[in-house]
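**Q** Following this message is one structure expressed as structure tokens.
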There are 2 protein chains.
Amino acid sequence: MKTITPPLDGPVCPLPLTHHDQIVLGHGSGGKMTHDLIAKVFRPPLSNPALDAGDDAAVVQVCNVAPNQAPLRLAVSTDSHVVWPLFFAGGDIGRLAVCGTVNDLAMMGAKPLYLTAGFVIEEGLDIAVLQQVVTSMQAAAQEARVQIVAGDTKVVQKGKADKLFINTSGIGSINTDIHINGSNAQPGDIVIVSGTLGDHGIAVLEARGELGFETNIQSDVAPLNHLVEAILSVSHQIHVLRDPTRGGLATSLNEIAAQSQVGILLEENQIPVHPTTAAACEMLGFDPLYVANEGKLIAIVGPDDAQVVLDAMRATLYGAGAAIIGEVGSHHPGRVLLKTAIGGTRIVDVLAGEMLPRIC
Amino acid sequence: MKTITPPLDGPVCPLPLTHHDQIVLGHGSGGKMTHDLIAKVFRPPLSNPALDAGDDAAVVQVCNVAPNQAPLRLAVSTDSHVVWPLFFAGGDIGRLAVCGTVNDLAMMGAKPLYLTAGFVIEEGLDIAVLQQVVTSMQAAAQEARVQIVAGDTKVVQKGKADKLFINTSGIGSINTDIHINGSNAQPGDIVIVSGTLGDHGIAVLEARGELGFETNIQSDVAPLNHLVEAILSVSHQIHVLRDPTRGGLATSLNEIAAQSQVGILLEENQIPVHPTTAAACEMLGFDPLYVANEGKLIAIVGPDDAQVVLDAMRATLYGAGAAIIGEVGSHHPGRVLLKTAIGGTRIVDVLAGEMLPRIC
């Protein structure tokens, strides 16, 4: 297992961010090194309230030109996709690119409306591959009921990119009574996950031929906006939503614990992991809590609504495997703890370095 | 000179888009091959009215949740930037990324509000370089008075990208009485350009050491939204705005001629080109009408307002060199013609292949 269990106050790894330092793969992990890069390089010059909130999407207001009209609340998000290989069991870079941005918007309680798509293509890519990816994007957009309204294509010389990178950005509208964000978790809240963890990461590893054995695991890549709609229609106590992509469940929950300044206690027994994914992780020395998902969400919900939200999730296509996995407390603010199957408790930290590069 | 002068109805180049074909650099030129790739690969599956309009940014509507409120009109745009090298006289990839998207929004008459930034970084990039680029982005955003509200960072292995690619996407609001787009050019309209052409392309070539001599040419990369505000404040007869980036003035005017089904007649004598840029183009065999700009716009304006718009442009920082360069007619719909300095007339076609790869 690669889980890092440092002393409570110790640094996970000293981060060298001086002028002589270089970007390493860990800076793209979505874990601690990414957070440090953001904190030290991106945030200081760019700082503004929407960016600093550090959620899956920024919430901004656009004033209407007509007088006496309330400003419109929009969620805005961007994601560049560099997954390798382009195709894997259950999905491809096109479906991933659409779902990634749709999900980031949905995690703010927004209704995703419009996407943009920016392609960076390596010279020599088969046009048939590009056609297949674009068709997959359209199918995913149709499933999510969003429109891709603007695009851009750049081509770089052979050897200057890796076949195809796709950026998707998106906007969605947020109802005035919805205030879901990473700072809203409250002691007593219940932590629900919408299904099994780690399947996307293992499916991509298998597509790379790095597993050394065959599995039947498929990536979970899916648009989650209809699932979010379903739970918003049954509860006004949805405090936080997040999709645990790079860095996995562990990293997302740590982000929420830090943003809300609460502790989160998980029950290892209750965390759903597909047996094949669990076996693959065991053999590779990975902890499924850190493996990327692309069609799962974490919901942190007021305790009175936990059951109704769970039931609503389970009635949807992508929430059938939903489970309550823990609760929010006031002890150890900023920390995630795991009550293990054998009765101990250990700290679950943010992903430290890089486990699986280019997983999304 | 590389200007292509095909017979009026002949194909510029036969485009092989079968399943056995591969992406070549020309598909990213912004010219004919890019248009064909869009028409054959991107548009068929993704088709929707906002995308099909083919303007610099899509115009979409977002309905307000409150009853009786008019829907909000937004411009939405995306651009991936792969310019090489990252730094050049007058700018860098960061300033380019911000200005590129700000300008695409402004060309719809929108007020640019919010940008997103997606970074694809090659392992090994100096963090100091990244800091310099991000600082430059912030300076450009501040100048344009927009906020960068969401970001994403991906890292790929050494050799799988070329140092740094940046996608910026953006949204802006459009007043209800503004309807500027590429289909609005009308016979009798006047064509104005905001300053000298081709400076960005030549500055980037010089930074690559490909000129073989030193010039004092600086890239014109600049945010044009304040210039657009200035002309919108003096005229309601702005029919089309476009920034002639990849493919240059010639390609942008051909797009407009095709969208509006009008002919455009240019006066070669009146087209402003910096003498050094002209000399560099002469030596390299380039036509400045095809060389990229990143801080210039074309305005197509009702004839009664041409002078007041020209004067308003000239009073701004980035429009000081503005000039009237031609007019719109009903002859040769879809074509751009040039009355040459020696009195002849020639067709100015869309850029056919690739002239300067990775110029933006």
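Each chain of the structure tokens is named A, B, ... in the order shown, its residues numbered from 1; ligands are numbered from 1 in display order.
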Using DSSP assignments from the backbone, pull out every residue in stretch 123-259 of chain B that falls under strand (DSSP E) and give it to me as a ChimeraX atom specification.
**A** /B:147-156,164-173,190-193,238-242
**Q** Which residues come within 6 Å of A:Pro187, counting only C-alpha atoms, excluding same-chain residues fewer than 4 positions away, as number ranges by chain?
**A** A: 328-330
**Q** Mind listing as a PyMOL selection string which residues of chain A are within 6 Å of chain B, counting only C-alpha atoms?
**A** chain A and resi 19+21-25+28+41+45-46+50-51+58+77+79-80+118+123-128+131+135+138+149-150+152+154-155+160-162
**Q** Rounded to one decimal in Å, what is the spacing between atom CA of B:Ala315 and atom CA of B:Phe87?
**A** 29.3 Å
**Q** Skipping near chain neighbours, those fewer than 6 positions away, what residues fall within 8 Å of B:Pro244 using only C-alpha atoms, listed as a PyMOL selection string?
**A** chain B and resi 251-252+292-294+296-298
**Q** If I take atom CA of A:Arg246 and atom CA of A:Gln307, how far is one from the other in Å, to one decimal?
**A**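 Separating atom CA of A:Arg246 from atom CA of A:Gln307 is a distance of 28.1 Å.
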**Q** Excluding same-chain residues fewer than 4 positions from A:Gly295, what lies within 6 Å of it counting only C-alpha atoms, as a list of chain:residue names?
**A**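 Selected residues are A:Asp220, A:Val221, A:Ala222.
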